[in-house]
$ cat work-v6.txt   # compact mmCIF, C-alpha atoms and all ligand atoms
# COMPACT_ATOMS: atom_id res chain seq x y z
CA MET A 1 173.23 -35.63 -16.77
CA ASP A 2 173.17 -37.73 -13.61
CA SER A 3 174.28 -41.38 -13.41
CA LYS A 4 170.74 -42.75 -13.36
CA GLU A 5 169.61 -40.99 -16.56
CA MET A 6 172.94 -41.77 -18.25
CA ILE A 7 172.56 -45.50 -17.60
CA GLU A 8 168.86 -45.56 -18.51
CA LEU A 9 169.33 -43.83 -21.88
CA CYS A 10 172.51 -45.74 -22.79
CA THR A 11 170.92 -49.13 -22.13
CA LYS A 12 167.62 -48.14 -23.77
CA HIS A 13 169.05 -46.78 -27.01
CA SER A 14 172.44 -48.46 -27.51
CA LEU A 15 173.67 -52.04 -27.68
CA PHE A 16 176.57 -53.08 -25.45
CA SER A 17 179.31 -55.30 -26.86
CA TRP A 18 179.65 -58.98 -25.90
CA SER A 19 176.53 -58.68 -23.72
CA ALA A 20 172.77 -59.02 -23.61
CA THR A 21 172.09 -55.32 -23.21
CA GLY A 22 169.20 -55.96 -20.80
CA LYS A 23 171.65 -57.57 -18.38
CA VAL A 24 174.43 -54.97 -18.33
CA ASP A 25 175.00 -52.60 -15.43
CA PRO A 26 177.45 -50.06 -16.89
CA MET A 27 179.55 -47.75 -14.76
CA PRO A 28 178.53 -44.13 -15.41
CA ILE A 29 181.67 -42.20 -16.32
CA ALA A 30 181.66 -38.41 -16.62
CA ARG A 31 185.39 -37.68 -16.68
CA ALA A 32 188.79 -39.25 -16.14
CA GLU A 33 192.23 -38.07 -15.11
CA GLY A 34 195.49 -39.95 -14.66
CA VAL A 35 194.62 -43.39 -13.28
CA TYR A 36 191.16 -42.41 -12.00
CA LEU A 37 187.62 -42.44 -13.41
CA TYR A 38 184.79 -40.33 -11.98
CA SER A 39 181.00 -40.63 -12.04
CA PRO A 40 178.84 -37.52 -12.55
CA GLU A 41 178.33 -37.43 -8.77
CA GLY A 42 182.07 -37.64 -8.13
CA LYS A 43 182.46 -41.31 -7.15
CA ARG A 44 186.04 -42.30 -7.97
CA TRP A 45 187.39 -45.56 -9.36
CA LEU A 46 191.00 -46.61 -9.82
CA ASP A 47 191.32 -47.71 -13.46
CA TRP A 48 193.04 -51.06 -12.88
CA ASN A 49 192.66 -52.18 -16.50
CA SER A 50 193.54 -48.99 -18.42
CA GLN A 51 189.97 -49.38 -19.76
CA LEU A 52 190.56 -52.10 -22.41
CA MET A 53 194.32 -52.37 -21.63
CA SER A 54 194.60 -49.38 -23.87
CA VAL A 55 194.90 -46.04 -22.05
CA ASN A 56 198.62 -46.60 -21.60
CA ILE A 57 199.64 -43.02 -20.75
CA GLY A 58 196.67 -42.51 -18.40
CA HIS A 59 193.63 -40.30 -18.84
CA GLY A 60 193.37 -36.65 -19.81
CA HIS A 61 196.97 -35.86 -20.74
CA PRO A 62 196.99 -32.18 -21.79
CA LYS A 63 199.59 -32.64 -24.56
CA VAL A 64 197.46 -35.20 -26.39
CA ILE A 65 194.29 -33.17 -25.92
CA LYS A 66 196.02 -30.11 -27.36
CA ALA A 67 197.41 -32.05 -30.32
CA ILE A 68 193.90 -33.28 -31.19
CA GLN A 69 192.44 -29.77 -30.80
CA ASP A 70 195.16 -28.21 -32.96
CA GLN A 71 194.77 -30.83 -35.68
CA ALA A 72 190.98 -30.37 -35.68
CA ALA A 73 191.43 -26.65 -36.16
CA THR A 74 193.99 -27.07 -38.98
CA LEU A 75 192.93 -30.11 -40.98
CA ALA A 76 190.34 -32.43 -39.50
CA TYR A 77 190.21 -34.78 -42.48
CA ALA A 78 191.89 -35.47 -45.79
CA TYR A 79 190.98 -38.45 -47.95
CA PRO A 80 193.45 -41.38 -47.81
CA GLY A 81 194.93 -40.67 -51.26
CA MET A 82 196.42 -37.39 -50.02
CA ALA A 83 199.71 -36.66 -48.28
CA THR A 84 199.52 -34.75 -44.98
CA GLU A 85 202.14 -33.42 -42.60
CA VAL A 86 200.88 -35.46 -39.67
CA ARG A 87 200.97 -38.66 -41.78
CA ALA A 88 204.54 -37.85 -42.81
CA ARG A 89 205.65 -37.14 -39.24
CA LEU A 90 204.01 -40.13 -37.56
CA SER A 91 205.17 -42.60 -40.22
CA LYS A 92 208.76 -41.36 -39.94
CA ARG A 93 208.58 -41.56 -36.12
CA LEU A 94 207.19 -45.10 -36.15
CA ALA A 95 209.92 -46.16 -38.59
CA GLU A 96 212.48 -44.82 -36.10
CA LEU A 97 210.87 -46.58 -33.15
CA LEU A 98 210.18 -49.99 -34.68
CA PRO A 99 213.33 -52.11 -34.71
CA GLY A 100 214.74 -53.89 -37.75
CA ASP A 101 213.35 -53.04 -41.14
CA ILE A 102 209.73 -52.35 -40.22
CA ASN A 103 209.59 -48.97 -41.90
CA THR A 104 206.24 -48.81 -43.69
CA PHE A 105 202.76 -48.44 -42.23
CA PHE A 106 199.11 -48.83 -43.17
CA TYR A 107 196.69 -47.02 -40.85
CA THR A 108 193.30 -48.32 -39.77
CA LEU A 109 190.77 -47.41 -37.09
CA GLY A 110 191.60 -50.16 -34.62
CA GLY A 111 193.20 -53.51 -33.94
CA ALA A 112 190.79 -55.74 -35.84
CA GLU A 113 191.21 -53.76 -39.05
CA ALA A 114 194.99 -53.76 -38.63
CA ASN A 115 194.87 -57.57 -38.43
CA GLU A 116 192.42 -57.83 -41.37
CA ASN A 117 194.90 -55.89 -43.47
CA ALA A 118 197.83 -57.97 -42.23
CA LEU A 119 195.91 -61.03 -43.36
CA LYS A 120 195.40 -59.50 -46.82
CA ALA A 121 199.02 -58.34 -47.06
CA ALA A 122 200.35 -61.80 -46.11
CA ARG A 123 198.16 -63.55 -48.68
CA LEU A 124 198.93 -61.04 -51.45
CA PHE A 125 202.68 -61.08 -50.73
CA THR A 126 203.11 -64.86 -50.52
CA GLY A 127 200.41 -65.91 -52.99
CA ARG A 128 199.41 -68.51 -50.37
CA HIS A 129 196.04 -68.88 -48.68
CA LYS A 130 196.23 -70.56 -45.27
CA ILE A 131 196.88 -68.81 -41.98
CA ILE A 132 198.00 -70.47 -38.74
CA ALA A 133 196.59 -69.06 -35.50
CA ARG A 134 196.52 -70.24 -31.90
CA TYR A 135 193.64 -71.27 -29.64
CA ARG A 136 194.38 -68.97 -26.73
CA SER A 137 194.03 -65.80 -28.74
CA TYR A 138 191.88 -62.84 -29.63
CA HIS A 139 192.54 -60.90 -32.83
CA GLY A 140 189.40 -58.76 -33.20
CA ALA A 141 185.67 -58.93 -33.88
CA THR A 142 185.46 -58.57 -37.68
CA HIS A 143 184.83 -61.68 -39.76
CA GLY A 144 188.33 -62.56 -40.93
CA VAL A 145 190.18 -61.98 -37.69
CA MET A 146 187.37 -63.42 -35.59
CA SER A 147 188.08 -66.56 -37.61
CA LEU A 148 191.69 -66.40 -36.44
CA THR A 149 190.59 -65.85 -32.85
CA GLY A 150 190.72 -69.03 -30.81
CA ASP A 151 188.69 -68.05 -27.75
CA PRO A 152 184.93 -68.67 -27.29
CA ARG A 153 183.97 -65.33 -28.82
CA ARG A 154 184.55 -67.12 -32.14
CA TRP A 155 181.86 -69.77 -31.60
CA PRO A 156 178.73 -67.68 -32.34
CA ASN A 157 180.49 -66.25 -35.42
CA GLU A 158 181.06 -69.63 -37.05
CA PRO A 159 181.15 -70.87 -39.77
CA ALA A 160 184.36 -68.91 -39.98
CA MET A 161 186.48 -67.83 -42.92
CA SER A 162 188.12 -70.74 -44.71
CA GLY A 163 191.84 -71.42 -44.65
CA ILE A 164 192.51 -71.01 -40.93
CA VAL A 165 194.56 -73.71 -39.21
CA ARG A 166 194.42 -73.39 -35.44
CA VAL A 167 197.18 -74.82 -33.25
CA MET A 168 197.91 -75.23 -29.55
CA ASP A 169 199.75 -72.50 -27.71
CA PRO A 170 203.02 -73.22 -25.94
CA GLU A 171 200.89 -72.78 -22.78
CA PRO A 172 197.48 -74.45 -23.34
CA TYR A 173 194.76 -74.12 -20.67
CA ASP A 174 195.02 -77.62 -19.18
CA TYR A 175 197.55 -79.57 -21.26
CA SER A 176 201.28 -79.03 -20.75
CA PHE A 177 204.05 -79.33 -23.33
CA GLY A 178 206.56 -79.79 -20.51
CA SER A 179 207.73 -78.60 -17.14
CA THR A 180 210.57 -76.29 -18.19
CA ASP A 181 210.57 -73.44 -20.70
CA GLU A 182 213.07 -75.33 -22.86
CA GLU A 183 210.84 -78.42 -22.94
CA LYS A 184 207.70 -76.42 -23.71
CA THR A 185 209.40 -74.57 -26.55
CA ALA A 186 210.97 -77.68 -28.08
CA ASN A 187 207.82 -79.82 -27.85
CA ASN A 188 205.46 -77.11 -29.08
CA LEU A 189 207.66 -76.29 -32.08
CA THR A 190 208.08 -79.97 -32.95
CA TYR A 191 204.29 -80.35 -32.96
CA LEU A 192 203.91 -77.13 -34.98
CA GLU A 193 206.37 -78.30 -37.63
CA GLU A 194 204.40 -81.51 -38.02
CA VAL A 195 201.18 -79.49 -38.51
CA ILE A 196 202.96 -77.35 -41.12
CA ARG A 197 204.01 -80.49 -43.01
CA TYR A 198 200.48 -81.96 -42.90
CA GLU A 199 198.98 -78.71 -44.18
CA GLY A 200 201.59 -78.24 -46.92
CA PRO A 201 204.02 -75.39 -46.24
CA HIS A 202 203.50 -74.03 -49.78
CA THR A 203 199.83 -73.33 -48.87
CA ILE A 204 200.55 -71.32 -45.68
CA ALA A 205 200.95 -67.53 -45.91
CA ALA A 206 201.49 -66.56 -42.27
CA MET A 207 201.21 -67.40 -38.62
CA PHE A 208 199.55 -64.87 -36.31
CA ILE A 209 200.51 -64.72 -32.64
CA GLU A 210 199.81 -62.32 -29.83
CA THR A 211 203.44 -61.84 -28.79
CA VAL A 212 202.26 -61.83 -25.18
CA THR A 213 198.73 -63.22 -25.09
CA GLY A 214 196.29 -60.74 -23.54
CA THR A 215 192.68 -61.49 -22.62
CA ASN A 216 193.28 -65.23 -22.88
CA GLY A 217 195.56 -65.22 -19.88
CA ILE A 218 198.52 -62.79 -20.00
CA LEU A 219 200.89 -65.43 -21.31
CA ALA A 220 204.46 -64.48 -22.07
CA PRO A 221 206.12 -66.96 -24.42
CA PRO A 222 208.47 -69.53 -22.87
CA LYS A 223 212.17 -68.85 -23.25
CA GLY A 224 213.42 -69.50 -26.78
CA TYR A 225 209.93 -69.75 -28.29
CA LEU A 226 209.93 -66.52 -30.30
CA GLN A 227 213.36 -67.14 -31.79
CA GLY A 228 212.58 -70.80 -32.49
CA LEU A 229 209.23 -69.93 -34.05
CA LYS A 230 210.71 -67.26 -36.32
CA LYS A 231 213.39 -69.68 -37.51
CA LEU A 232 210.88 -72.47 -38.13
CA LEU A 233 208.52 -70.24 -40.12
CA GLU A 234 211.42 -68.78 -42.14
CA LYS A 235 212.45 -72.31 -43.12
CA TYR A 236 209.08 -72.71 -44.87
CA GLY A 237 208.69 -69.14 -46.21
CA ILE A 238 205.81 -68.47 -43.78
CA LEU A 239 205.47 -64.90 -42.48
CA LEU A 240 205.34 -64.18 -38.75
CA VAL A 241 202.69 -61.62 -37.78
CA CYS A 242 202.99 -60.31 -34.22
CA ASP A 243 199.69 -58.91 -32.99
CA GLU A 244 200.81 -56.27 -30.48
CA VAL A 245 197.48 -54.50 -30.33
CA MET A 246 197.33 -55.09 -26.58
CA CYS A 247 200.92 -55.89 -25.58
CA GLY A 248 202.63 -53.14 -27.61
CA PHE A 249 203.64 -49.62 -26.60
CA GLY A 250 205.22 -50.30 -23.25
CA ARG A 251 202.61 -52.55 -21.66
CA THR A 252 205.16 -55.33 -21.05
CA GLY A 253 208.01 -53.07 -19.91
CA LYS A 254 209.56 -52.83 -23.39
CA LEU A 255 208.27 -50.61 -26.18
CA PHE A 256 207.32 -53.72 -28.21
CA ALA A 257 206.83 -57.16 -26.69
CA PHE A 258 208.77 -58.99 -29.43
CA GLN A 259 211.87 -57.17 -28.14
CA HIS A 260 211.81 -59.52 -25.13
CA GLY A 261 212.54 -62.37 -27.57
CA ASP A 262 215.09 -60.48 -29.62
CA ILE A 263 213.25 -61.01 -32.89
CA VAL A 264 211.65 -58.76 -35.49
CA PRO A 265 208.48 -60.11 -37.11
CA ASP A 266 207.64 -59.69 -40.79
CA ILE A 267 204.48 -57.79 -39.90
CA VAL A 268 203.40 -56.15 -36.65
CA THR A 269 199.94 -54.86 -35.80
CA LEU A 270 199.39 -52.16 -33.19
CA ALA A 271 196.43 -50.13 -31.88
CA LYS A 272 195.27 -49.34 -28.30
CA GLY A 273 198.49 -47.87 -26.80
CA LEU A 274 199.30 -46.20 -30.13
CA THR A 275 196.99 -43.31 -29.23
CA SER A 276 196.38 -44.52 -25.66
CA SER A 277 192.77 -44.61 -26.92
CA TYR A 278 192.43 -40.83 -27.11
CA MET A 279 191.35 -41.42 -30.74
CA PRO A 280 190.64 -44.69 -32.60
CA LEU A 281 193.68 -45.87 -34.56
CA GLY A 282 195.37 -49.09 -35.57
CA VAL A 283 198.36 -49.71 -37.76
CA MET A 284 199.96 -52.53 -39.72
CA GLY A 285 203.74 -52.18 -39.95
CA VAL A 286 205.52 -54.20 -42.64
CA SER A 287 209.14 -55.09 -43.24
CA ASP A 288 210.96 -53.71 -46.27
CA LYS A 289 210.58 -56.85 -48.39
CA ILE A 290 206.78 -56.64 -48.05
CA ALA A 291 206.70 -52.86 -48.49
CA ASN A 292 208.79 -53.20 -51.67
CA HIS A 293 206.37 -55.78 -53.04
CA PHE A 294 203.53 -53.26 -52.65
CA ARG A 295 205.55 -50.54 -54.39
CA GLU A 296 205.13 -52.64 -57.54
CA ASN A 297 201.89 -54.45 -56.80
CA VAL A 298 198.54 -53.05 -55.71
CA PHE A 299 197.70 -53.32 -52.03
CA PHE A 300 194.03 -54.22 -52.21
CA GLY A 301 192.88 -52.58 -48.97
CA GLY A 302 191.26 -49.28 -48.11
CA LEU A 303 189.20 -47.36 -45.57
CA THR A 304 187.53 -43.95 -45.74
CA TYR A 305 189.28 -43.10 -42.50
CA ASN A 306 192.68 -44.56 -43.41
CA ALA A 307 195.37 -42.17 -42.06
CA HIS A 308 192.75 -39.88 -40.47
CA PRO A 309 194.68 -36.73 -39.48
CA MET A 310 193.08 -36.30 -36.04
CA CYS A 311 193.82 -39.91 -35.08
CA LEU A 312 197.39 -39.62 -36.34
CA ALA A 313 197.90 -36.38 -34.38
CA ALA A 314 196.71 -38.15 -31.23
CA ALA A 315 199.17 -40.99 -31.89
CA LEU A 316 202.12 -38.70 -32.50
CA ALA A 317 201.48 -36.88 -29.21
CA ALA A 318 200.65 -40.02 -27.18
CA VAL A 319 203.80 -41.82 -28.32
CA GLU A 320 205.95 -38.81 -27.43
CA VAL A 321 204.35 -38.60 -23.97
CA LEU A 322 204.95 -42.34 -23.44
CA ILE A 323 208.63 -41.95 -24.32
CA ASP A 324 209.40 -38.50 -22.87
CA GLU A 325 207.77 -39.29 -19.54
CA LYS A 326 209.61 -42.63 -19.36
CA MET A 327 206.46 -44.67 -18.99
CA VAL A 328 207.96 -47.75 -20.65
CA GLU A 329 210.65 -47.78 -17.96
CA ASN A 330 207.96 -47.13 -15.34
CA SER A 331 206.00 -50.12 -16.64
CA ALA A 332 209.03 -52.38 -16.06
CA LYS A 333 209.70 -50.87 -12.62
CA MET A 334 206.09 -50.85 -11.40
CA GLY A 335 205.73 -54.39 -12.78
CA GLU A 336 208.22 -55.49 -10.12
CA VAL A 337 206.26 -53.62 -7.44
CA MET A 338 203.05 -55.27 -8.64
CA ARG A 339 204.68 -58.72 -8.50
CA GLY A 340 205.59 -58.13 -4.85
CA HIS A 341 201.95 -57.39 -4.01
CA MET A 342 200.78 -60.42 -5.99
CA GLU A 343 203.17 -62.65 -4.05
CA ARG A 344 201.79 -61.22 -0.84
CA MET A 345 198.23 -62.01 -2.01
CA GLN A 346 199.24 -65.61 -2.73
CA GLN A 347 200.81 -66.02 0.72
CA LYS A 348 197.73 -64.62 2.40
CA HIS A 349 194.79 -66.05 0.41
CA LYS A 350 194.23 -69.76 -0.02
CA SER A 351 192.08 -69.11 -3.12
CA VAL A 352 195.03 -67.69 -5.07
CA ARG A 353 196.36 -70.35 -7.46
CA GLY A 354 199.11 -68.18 -8.90
CA HIS A 355 199.93 -64.91 -10.55
CA ARG A 356 201.93 -63.65 -13.47
CA ASN A 357 202.94 -60.35 -14.98
CA ILE A 358 205.32 -58.92 -17.48
CA GLY A 359 205.62 -55.19 -16.89
CA LEU A 360 202.17 -53.83 -16.09
CA PHE A 361 200.47 -56.69 -17.92
CA GLY A 362 199.33 -59.13 -15.26
CA LEU A 363 196.70 -61.19 -13.52
CA ILE A 364 195.91 -63.16 -10.39
CA ASP A 365 194.69 -66.71 -11.02
CA LEU A 366 192.14 -68.24 -8.61
CA ARG A 367 191.57 -71.84 -7.51
CA LYS A 368 188.77 -73.73 -5.85
CA ASN A 369 190.67 -76.37 -3.84
CA SER A 370 194.06 -77.46 -2.61
CA LYS A 371 194.37 -79.77 -5.65
CA ASN A 372 194.95 -76.48 -7.46
CA GLU A 373 191.92 -76.86 -9.73
CA ARG A 374 190.94 -73.59 -11.35
CA LEU A 375 187.96 -71.83 -9.83
CA VAL A 376 186.36 -71.67 -13.28
CA PRO A 377 186.88 -74.19 -16.10
CA TYR A 378 187.68 -72.94 -19.62
CA ALA A 379 184.83 -70.65 -20.80
CA GLY A 380 182.91 -71.40 -17.58
CA ALA A 381 181.54 -69.24 -14.75
CA HIS A 382 181.32 -69.18 -10.93
CA PRO A 383 178.86 -67.03 -8.90
CA VAL A 384 181.64 -65.71 -6.65
CA MET A 385 183.24 -63.95 -9.62
CA ALA A 386 180.09 -61.81 -10.07
CA LYS A 387 180.17 -61.06 -6.35
CA LEU A 388 183.84 -60.09 -6.58
CA GLY A 389 183.12 -57.83 -9.56
CA LYS A 390 180.40 -56.02 -7.62
CA PHE A 391 182.69 -55.66 -4.60
CA PHE A 392 185.42 -54.03 -6.69
CA LYS A 393 182.93 -51.68 -8.30
CA ASP A 394 181.44 -50.64 -4.96
CA GLU A 395 184.87 -50.19 -3.38
CA GLY A 396 186.27 -47.99 -6.16
CA LEU A 397 188.28 -50.37 -8.37
CA PHE A 398 187.54 -50.88 -12.06
CA THR A 399 188.97 -54.05 -13.56
CA MET A 400 188.03 -57.07 -15.65
CA LEU A 401 187.46 -60.56 -14.39
CA GLN A 402 188.03 -63.27 -16.94
CA TRP A 403 186.95 -66.81 -15.92
CA SER A 404 189.29 -67.55 -12.96
CA THR A 405 191.35 -64.42 -13.15
CA VAL A 406 191.55 -60.85 -11.87
CA MET A 407 193.17 -58.60 -14.48
CA CYS A 408 195.87 -56.20 -13.25
CA ASN A 409 196.74 -53.77 -16.05
CA PRO A 410 196.85 -50.19 -14.75
CA PRO A 411 197.99 -47.25 -16.90
CA LEU A 412 201.77 -47.07 -17.34
CA CYS A 413 201.92 -43.76 -15.41
CA VAL A 414 200.78 -45.51 -12.20
CA ASN A 415 202.90 -44.99 -9.07
CA GLU A 416 203.69 -47.16 -6.04
CA ALA A 417 201.02 -45.60 -3.81
CA GLN A 418 198.34 -46.16 -6.43
CA ILE A 419 199.42 -49.79 -6.86
CA ALA A 420 199.20 -50.25 -3.10
CA GLU A 421 195.73 -48.67 -3.19
CA GLY A 422 194.62 -51.22 -5.81
CA PHE A 423 195.95 -54.18 -3.86
CA GLU A 424 194.33 -52.97 -0.65
CA ILE A 425 190.94 -53.37 -2.38
CA ILE A 426 191.95 -56.64 -4.09
CA ASP A 427 193.11 -58.02 -0.74
CA ARG A 428 189.70 -57.44 0.82
CA GLY A 429 187.94 -58.79 -2.27
CA LEU A 430 189.92 -62.04 -2.26
CA SER A 431 188.49 -62.83 1.19
CA LEU A 432 185.15 -63.36 -0.59
CA VAL A 433 186.77 -65.99 -2.81
CA ASP A 434 188.48 -67.63 0.19
CA GLU A 435 184.98 -68.19 1.62
CA VAL A 436 184.08 -70.58 -1.24
CA PHE A 437 187.42 -72.44 -1.15
CA GLU A 438 186.58 -76.15 -0.97
CA GLY A 439 189.66 -77.23 0.96
C1 LIG B 1 195.50 -58.80 -29.18
C2 LIG B 1 194.35 -58.06 -29.78
N1 LIG B 1 194.24 -57.99 -31.10
C3 LIG B 1 193.23 -57.32 -31.69
C4 LIG B 1 192.26 -56.69 -30.94
C5 LIG B 1 191.14 -55.95 -31.61
O1 LIG B 1 191.31 -54.59 -31.50
P1 LIG B 1 190.06 -53.60 -31.71
O2 LIG B 1 189.10 -53.91 -30.63
O3 LIG B 1 190.68 -52.24 -31.64
O4 LIG B 1 189.50 -53.89 -33.06
C6 LIG B 1 192.34 -56.73 -29.54
C7 LIG B 1 191.32 -56.08 -28.72
O5 LIG B 1 191.20 -56.29 -27.53
C8 LIG B 1 193.41 -57.44 -28.95
O6 LIG B 1 193.54 -57.53 -27.62
$ encode --input "work-v6.txt" --output "structure tokens"
Amino acid sequence: MDSKEMIELCTKHSLFSWSATGKVDPMPIARAEGVYLYSPEGKRWLDWNSQLMSVNIGHGHPKVIKAIQDQAATLAYAYPGMATEVRARLSKRLAELLPGDINTFFYTLGGAEANENALKAARLFTGRHKIIARYRSYHGATHGVMSLTGDPRRWPNEPAMSGIVRVMDPEPYDYSFGSTDEEKTANNLTYLEEVIRYEGPHTIAAMFIETVTGTNGILAPPKGYLQGLKKLLEKYGILLVCDEVMCGFGRTGKLFAFQHGDIVPDIVTLAKGLTSSYMPLGVMGVSDKIANHFRENVFFGGLTYNAHPMCLAAALAAVEVLIDEKMVENSAKMGEVMRGHMERMQQKHKSVRGHRNIGLFGLIDLRKNSKNERLVPYAGAHPVMAKLGKFFKDEGLFTMLQWSTVMCNPPLCVNEAQIAEGFEIIDRGLSLVDEVFEG
């Protein structure tokens, strides 16, 4: 099928997410390999966002493809009440890889379902109802976790589920809790403790955080925040749930992002990088105290495709590739290379407000004037961003533009030459934004 027919039929007969389908202009993708995507006619794009920050090991890895094929030929499906070899092997491997006492796993089909089940587990375990979540967050598109989500994707889904208390992040969009990391951490946690007291600690089951916030701005926590937060929540018997759907599995230069803060949460949720998106899979990992509770008490959660053998086989292979081929280390190393290019972009382009990255999880932030005002206000738009998006697409770079930012999240197998190739295109694109700089 050629690109034209592919686009016509896809937009005629299928709905596109987060879009008015009549207005989308999808890229036609026939195949993908490593860090590159190809159209049916052979046009090549550098995948600068690992699709949805999820194809961590890169596209088309033969070991994962073979593992899926072998599993399909042996046992494509067994209902969730059964034991299978692949379930045994993956669960044991995850228990080895997750630090602390996170040794028990509940499998889902993606990140939202992992968070939905974490929400259930936290409420059932504590017997409490309320959940704290933060404004600059995304936790998935199903009803419960969309209610946790702070970003504007929540608005059309309201009224939301009851019992959610939303709080400010340590790094809000315009407000600042302080100028140093220490100040931000101390002030944010003081404010949070006051909220906990107002709400009644005995009513709060858990707090959900993206350990490193993803689509809402690639925000690593300020120094001391994770440890301080864990201690504060422990004081009130509130569980900490780290949503590592996007930031887990090497994206930040460590296998799990909470390892940067030297903590272990009570519950972790993972998806995306778990299979590098070769098959749909999410997982909720729980600490021993929670797992032991559900050895005696029913866990009221289930899915027809819970622990689907083909998805688990993809995960087992993808995780081994990630580790054996040292892609977590590469993420940390290439993150430094990427930072160098970002610095260069800031020196060269007056429209660059700043940049940040942790491993291969990064973005460039744009501004409209020398007062450092963001190019786009919270949840706003600017015509130059559409122009920039088209430029990247035409020039062979696939990435996401979010409000004032250019996302920089290539697969963790990326090399220095490919990073340079990406920044060569970004460099030319930023000249378009410089043209609308107001001075
Ligand atoms: C941090 C985070 N949590 C949860 C989700 C939802 O995952 P899924 O789309 O697999 O349901 C996402 C998806 O982007 C995410 O980034």
$ closest_residue --input "work-v6.txt" --among "A:Ser351, A:Thr11, A:Ala314, A:Ala20" --to "Glu435 of chain A" --atoms "only C-alpha atoms"
A:Ser351
$ atom_distance --input "work-v6.txt" --atom1 "atom CA of Gln418 of chain A" --atom2 "atom CA of Pro62 of chain A"
20.8 Å
$ closest_atom_pairs --input "work-v6.txt" --of "chain A" --to "ligand LIG 1 (chain B)" --cutoff "10 Å" --atoms "all atoms listed in the file" --output "JSON lines"
{"residue": "A:Leu52", "atom": "CA", "partner": "B:LIG1", "partner_atom": "O5", "distance": 6.6}
{"residue": "A:Met53", "atom": "CA", "partner": "B:LIG1", "partner_atom": "O5", "distance": 7.7}
{"residue": "A:Ser54", "atom": "CA", "partner": "B:LIG1", "partner_atom": "O5", "distance": 8.5}
{"residue": "A:Thr108", "atom": "CA", "partner": "B:LIG1", "partner_atom": "O3", "distance": 9.4}
{"residue": "A:Leu109", "atom": "CA", "partner": "B:LIG1", "partner_atom": "O3", "distance": 7.3}
{"residue": "A:Gly110", "atom": "CA", "partner": "B:LIG1", "partner_atom": "O3", "distance": 3.7}
{"residue": "A:Gly111", "atom": "CA", "partner": "B:LIG1", "partner_atom": "O1", "distance": 3.3}
{"residue": "A:Ala112", "atom": "CA", "partner": "B:LIG1", "partner_atom": "O4", "distance": 3.6}
{"residue": "A:Glu113", "atom": "CA", "partner": "B:LIG1", "partner_atom": "O4", "distance": 6.2}
{"residue": "A:Ala114", "atom": "CA", "partner": "B:LIG1", "partner_atom": "O4", "distance": 7.8}
{"residue": "A:Asn115", "atom": "CA", "partner": "B:LIG1", "partner_atom": "C3", "distance": 6.9}
{"residue": "A:Glu116", "atom": "CA", "partner": "B:LIG1", "partner_atom": "O4", "distance": 9.6}
{"residue": "A:Ser137", "atom": "CA", "partner": "B:LIG1", "partner_atom": "C1", "distance": 7.2}
{"residue": "A:Tyr138", "atom": "CA", "partner": "B:LIG1", "partner_atom": "C2", "distance": 5.4}
{"residue": "A:His139", "atom": "CA", "partner": "B:LIG1", "partner_atom": "N1", "distance": 3.8}
{"residue": "A:Gly140", "atom": "CA", "partner": "B:LIG1", "partner_atom": "C5", "distance": 3.7}
{"residue": "A:Ala141", "atom": "CA", "partner": "B:LIG1", "partner_atom": "O4", "distance": 6.4}
{"residue": "A:Thr142", "atom": "CA", "partner": "B:LIG1", "partner_atom": "O4", "distance": 7.7}
{"residue": "A:Val145", "atom": "CA", "partner": "B:LIG1", "partner_atom": "C3", "distance": 8.2}
{"residue": "A:Met146", "atom": "CA", "partner": "B:LIG1", "partner_atom": "C5", "distance": 9.3}
{"residue": "A:Thr149", "atom": "CA", "partner": "B:LIG1", "partner_atom": "N1", "distance": 8.8}
{"residue": "A:Ile209", "atom": "CA", "partner": "B:LIG1", "partner_atom": "C1", "distance": 8.5}
{"residue": "A:Glu210", "atom": "CA", "partner": "B:LIG1", "partner_atom": "C1", "distance": 5.6}
{"residue": "A:Thr211", "atom": "CA", "partner": "B:LIG1", "partner_atom": "C1", "distance": 8.5}
{"residue": "A:Val212", "atom": "CA", "partner": "B:LIG1", "partner_atom": "C1", "distance": 8.4}
{"residue": "A:Thr213", "atom": "CA", "partner": "B:LIG1", "partner_atom": "C1", "distance": 6.8}
{"residue": "A:Gly214", "atom": "CA", "partner": "B:LIG1", "partner_atom": "O6", "distance": 5.9}
{"residue": "A:Thr215", "atom": "CA", "partner": "B:LIG1", "partner_atom": "O6", "distance": 6.4}
{"residue": "A:Asn216", "atom": "CA", "partner": "B:LIG1", "partner_atom": "O6", "distance": 9.0}
{"residue": "A:Cys242", "atom": "CA", "partner": "B:LIG1", "partner_atom": "C1", "distance": 9.2}
{"residue": "A:Asp243", "atom": "CA", "partner": "B:LIG1", "partner_atom": "C1", "distance": 5.7}
{"residue": "A:Glu244", "atom": "CA", "partner": "B:LIG1", "partner_atom": "C1", "distance": 6.0}
{"residue": "A:Val245", "atom": "CA", "partner": "B:LIG1", "partner_atom": "C2", "distance": 4.8}
{"residue": "A:Met246", "atom": "CA", "partner": "B:LIG1", "partner_atom": "O6", "distance": 4.6}
{"residue": "A:Cys247", "atom": "CA", "partner": "B:LIG1", "partner_atom": "C1", "distance": 7.1}
{"residue": "A:Gly248", "atom": "CA", "partner": "B:LIG1", "partner_atom": "C1", "distance": 9.2}
{"residue": "A:Thr269", "atom": "CA", "partner": "B:LIG1", "partner_atom": "N1", "distance": 8.0}
{"residue": "A:Leu270", "atom": "CA", "partner": "B:LIG1", "partner_atom": "N1", "distance": 8.1}
{"residue": "A:Ala271", "atom": "CA", "partner": "B:LIG1", "partner_atom": "O3", "distance": 6.1}
{"residue": "A:Lys272", "atom": "CA", "partner": "B:LIG1", "partner_atom": "O3", "distance": 6.4}
{"residue": "A:Ser277", "atom": "CA", "partner": "B:LIG1", "partner_atom": "O3", "distance": 9.2}
{"residue": "A:Pro280", "atom": "CA", "partner": "B:LIG1", "partner_atom": "O3", "distance": 7.6}
{"residue": "A:Leu281", "atom": "CA", "partner": "B:LIG1", "partner_atom": "O3", "distance": 7.6}
{"residue": "A:Gly282", "atom": "CA", "partner": "B:LIG1", "partner_atom": "O3", "distance": 6.9}
